[in-house]
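What follows is a short report on a single structure.
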Amino acid sequence: MKIEIDIDAKYQDTEVVIRAPKLTRDIEKIVALMRMINMQIPVKYRDEIYLLDIEDILYIETVDRKTFVYTADKIYESDLKLYEIELELSERDFLRISKHGIVNLRKVKSLRAEINRKIRVTLQNGEQIVVSRMYSDELRRKLGLK
Amino acid sequence: MEKQKTFFNYIADVFVIYGVIVFVYALLSLIIGDYISDYSSLFRLGSGGLSIATLLQLLLLAIIINIVKITFLTDRWIKNAPIFLRNLLFFLTIFGATAVLIVLFDWFPIHNWKAWVGFFLSYTISTIVSTLITRLKERAENNKMQAALDKYTKH
């Protein structure tokens, strides 16, 4: 794959052009990752592709190697791997909570300490997920408790 | 990845509990052993220490405590229960198991109701105190986390 970067003051805006003989999964991934810079994530729902605003996401999890994106009322599927999404969203308000999940801290309603240093998270829609012991310290750090 | 506990970790846990129990009973035998040696099989040797039989009985108690601990105070088998309920079940089960050991090993005369009342009262008081402390700690931790979360989401 040839990568060409042309930085010049003559350009008014940032433009990314992809030239390829056909649309591949790699290209789809590149586009998806770039969308995330614009605070959007491409997701699938009943075979249709949508651009979902990141701020609408409650949490993201992988089940059987598939990535699911949860909002208040729908569950979407994403072609991106969890670590790819984590890489892009960790600078925002998203935090890894287990091997299989990332949560949007802005959508958390309450937190409750559990046994073994785990934390039970109640989301704004009432759904509950658990932050594993391994990631609970990171959550405490992010909240300024450590 | 979270570290999976091995069999040896469980053995180590048992011996930590066992160490504490033996230390407490050794101390008790030194202080009151001579006065109650005729009364309790645990302190048969008086202030001379603990017998092999007593040490083995206390090891059995430590094993039981560890099994009950794994059952109620970890999420190995019970996935979703409040800490308060877990503590309550933990203490109730230990109480029952200790009562069985008292009868089995004659730790005090089982027909002496005053001894049972003493056992019940001392166990209940320590359970209530311990559960209350856990409850208060849990509440303080939750309040602290909630305040930090509210501060985070407001920014």
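Convention: chains lettered A, B, ... in structure tokens order; per-chain residue numbering from 1; ligands numbered from 1 as shown.
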
When you look at region 89-100 of chain B with a cut-off of 8 Å (counting only C-alpha atoms), what residues show up, excluding the ones that are within fewer than 3 positions of it in the same chain? I need them as an mmCIF file with C-alpha atoms, in the first residue's frame.
```
data_model
loop_
_atom_site.group_PDB
_atom_site.id
_atom_site.type_symbol
_atom_site.label_atom_id
_atom_site.label_comp_id
_atom_site.auth_asym_id
_atom_site.auth_seq_id
_atom_site.Cartn_x
_atom_site.Cartn_y
_atom_site.Cartn_z
ATOM 1 C CA LEU B 61 -11.742 -25.153 61.151
ATOM 2 C CA ILE B 64 -13.893 -24.879 56.542
ATOM 3 C CA ILE B 65 -13.501 -21.093 56.939
ATOM 4 C CA VAL B 68 -16.989 -20.773 53.174
ATOM 5 C CA LYS B 69 -14.912 -17.695 52.297
ATOM 6 C CA PHE B 72 -19.609 -16.360 49.901
ATOM 7 C CA LEU B 73 -16.823 -13.777 49.716
ATOM 8 C CA LEU B 85 -25.632 -10.409 52.342
ATOM 9 C CA ARG B 86 -22.396 -12.226 51.528
ATOM 10 C CA VAL B 103 -20.151 -30.924 69.591
ATOM 11 C CA LEU B 104 -17.827 -33.244 67.629
ATOM 12 C CA TYR B 123 -19.822 -14.784 68.112
ATOM 13 C CA THR B 127 -20.204 -10.720 63.689
#
```

ask   = Got a sec: who's within 6 Å of region 41-57 of chain B, counting only C-alpha atoms, leaving out chain neighbours fewer than 5 positions off, as a ChimeraX atom specification?
value = /B:29-30,33-34,107

How close does each residue of chain A get to chain B, giving the shortest atom pair and distance in Å to one decimal for every residue with an atom at most 12 Å away, counting only C-alpha atoms, sorted by chain and residue number, as a Markdown table?
```
| residue | atom | partner | partner_atom | distance |
| --- | --- | --- | --- | --- |
| A:Asp93 | CA | B:Thr153 | CA | 9.3 |
| A:Ile97 | CA | B:Met1 | CA | 11.9 |
| A:Ser98 | CA | B:Met1 | CA | 9.0 |
| A:Lys99 | CA | B:Met1 | CA | 7.5 |
| A:His100 | CA | B:Met1 | CA | 11.2 |
| A:Asn104 | CA | B:Thr153 | CA | 10.5 |
| A:Leu105 | CA | B:Thr153 | CA | 7.5 |
| A:Arg106 | CA | B:Thr153 | CA | 5.5 |
| A:Lys107 | CA | B:Thr153 | CA | 8.4 |
| A:Val108 | CA | B:Leu149 | CA | 8.0 |
| A:Lys109 | CA | B:Leu149 | CA | 8.4 |
| A:Ser110 | CA | B:Gln146 | CA | 6.2 |
| A:Leu111 | CA | B:Gln146 | CA | 6.1 |
| A:Arg112 | CA | B:Asn142 | CA | 5.4 |
| A:Ala113 | CA | B:Asn142 | CA | 6.1 |
| A:Glu114 | CA | B:Ile83 | CA | 6.7 |
| A:Ile115 | CA | B:Thr74 | CA | 6.3 |
| A:Asn116 | CA | B:Thr74 | CA | 6.6 |
| A:Arg117 | CA | B:Thr74 | CA | 10.2 |
| A:Lys118 | CA | B:Asp75 | CA | 10.0 |
| A:Ile119 | CA | B:Asn142 | CA | 9.5 |
| A:Arg120 | CA | B:Asn80 | CA | 9.8 |
| A:Val121 | CA | B:Gln146 | CA | 10.6 |
| A:Thr122 | CA | B:Gln146 | CA | 11.1 |
| A:Gln128 | CA | B:Asn80 | CA | 11.0 |
| A:Ile129 | CA | B:Asn80 | CA | 11.1 |
| A:Val130 | CA | B:Asn80 | CA | 10.1 |
| A:Ser132 | CA | B:Glu2 | CA | 8.4 |
| A:Arg133 | CA | B:Glu2 | CA | 7.5 |
| A:Met134 | CA | B:Glu2 | CA | 6.1 |
| A:Tyr135 | CA | B:Glu2 | CA | 9.6 |
| A:Ser136 | CA | B:Met145 | CA | 11.3 |
| A:Asp137 | CA | B:Met145 | CA | 11.8 |
| A:Leu139 | CA | B:Met145 | CA | 9.8 |
| A:Arg140 | CA | B:Met145 | CA | 7.7 |
| A:Arg141 | CA | B:Ala148 | CA | 10.3 |
| A:Lys142 | CA | B:Tyr152 | CA | 8.8 |
| A:Leu143 | CA | B:Ala148 | CA | 5.6 |
| A:Gly144 | CA | B:Ala148 | CA | 7.0 |
| A:Leu145 | CA | B:Ala148 | CA | 7.3 |
| A:Lys146 | CA | B:Ala148 | CA | 11.0 |
```

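Atom to atom, CA of Met1 (chain A) and CA of Pro21 (chain A) stand 11.8 Å apart.
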
- request: Can you pull out every residue within 9 Å of Ile85 (chain A), counting only C-alpha atoms, but drop anything in the same chain fewer than 6 positions away, and send it as a ChimeraX atom specification?
  value: /A:33,36,41,60,102

Would you put the residues from that selection into a file with N, CA and C atoms, as a PDB file, in the first residue's frame?
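As written to disk, part02.pdb reads:
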```pdb
ATOM      1  N   LEU A  33     -11.746   3.983  11.193  1.00  0.00           N
ATOM      2  CA  LEU A  33     -10.861   4.623  12.175  1.00  0.00           C
ATOM      3  C   LEU A  33     -10.825   6.140  11.979  1.00  0.00           C
ATOM      4  N   MET A  36     -13.812   7.847  13.421  1.00  0.00           N
ATOM      5  CA  MET A  36     -13.778   8.013  14.879  1.00  0.00           C
ATOM      6  C   MET A  36     -13.117   9.323  15.288  1.00  0.00           C
ATOM      7  N   ILE A  41     -18.720   6.546  14.590  1.00  0.00           N
ATOM      8  CA  ILE A  41     -18.261   5.179  14.372  1.00  0.00           C
ATOM      9  C   ILE A  41     -19.243   4.482  13.417  1.00  0.00           C
ATOM     10  N   ILE A  60     -19.282  -0.841  24.748  1.00  0.00           N
ATOM     11  CA  ILE A  60     -18.958  -1.689  23.595  1.00  0.00           C
ATOM     12  C   ILE A  60     -18.400  -2.991  24.152  1.00  0.00           C
ATOM     13  N   ILE A 102     -15.643  -2.007  26.844  1.00  0.00           N
ATOM     14  CA  ILE A 102     -15.235  -0.606  27.022  1.00  0.00           C
ATOM     15  C   ILE A 102     -16.502   0.163  27.398  1.00  0.00           C
TER      16      ILE A 102
END
```

Checklist entry - How many Å lie between CA of Met39 (chain A) and CA of Asp53 (chain A), rounded to one decimal? => result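 Computing it gives 6.0 Å between the two atoms.
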
Backbone-only DSSP, helix (DSSP H, G or I) members of chain B, as JSON, numbers by chain: {"B": [7, 8, 9, 10, 11, 12, 13, 14, 15, 16, 17, 18, 19, 20, 21, 22, 23, 24, 25, 26, 27, 28, 29, 30, 31, 32, 33, 34, 35, 36, 41, 42, 43, 46, 47, 48, 52, 53, 54, 55, 56, 57, 58, 59, 60, 61, 62, 63, 64, 65, 66, 67, 68, 69, 70, 71, 72, 73, 83, 84, 85, 86, 87, 88, 89, 90, 91, 92, 93, 94, 95, 96, 97, 98, 99, 100, 101, 102, 103, 104, 105, 113, 114, 115, 116, 117, 118, 119, 120, 121, 122, 123, 124, 125, 126, 127, 128, 129, 130, 131, 132, 133, 134, 135, 136, 137, 138, 139, 140, 141, 142, 143, 144, 145, 146, 147, 148, 149, 150, 151, 152, 153, 154]}

Item to complete: Give me, please, the distance in Å between CA of Gln12 (chain A) and CA of Ser90 (chain A), quoted to one decimal.
Response: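 Pair CA of Gln12 (chain A) / CA of Ser90 (chain A) returns 29.3 Å.
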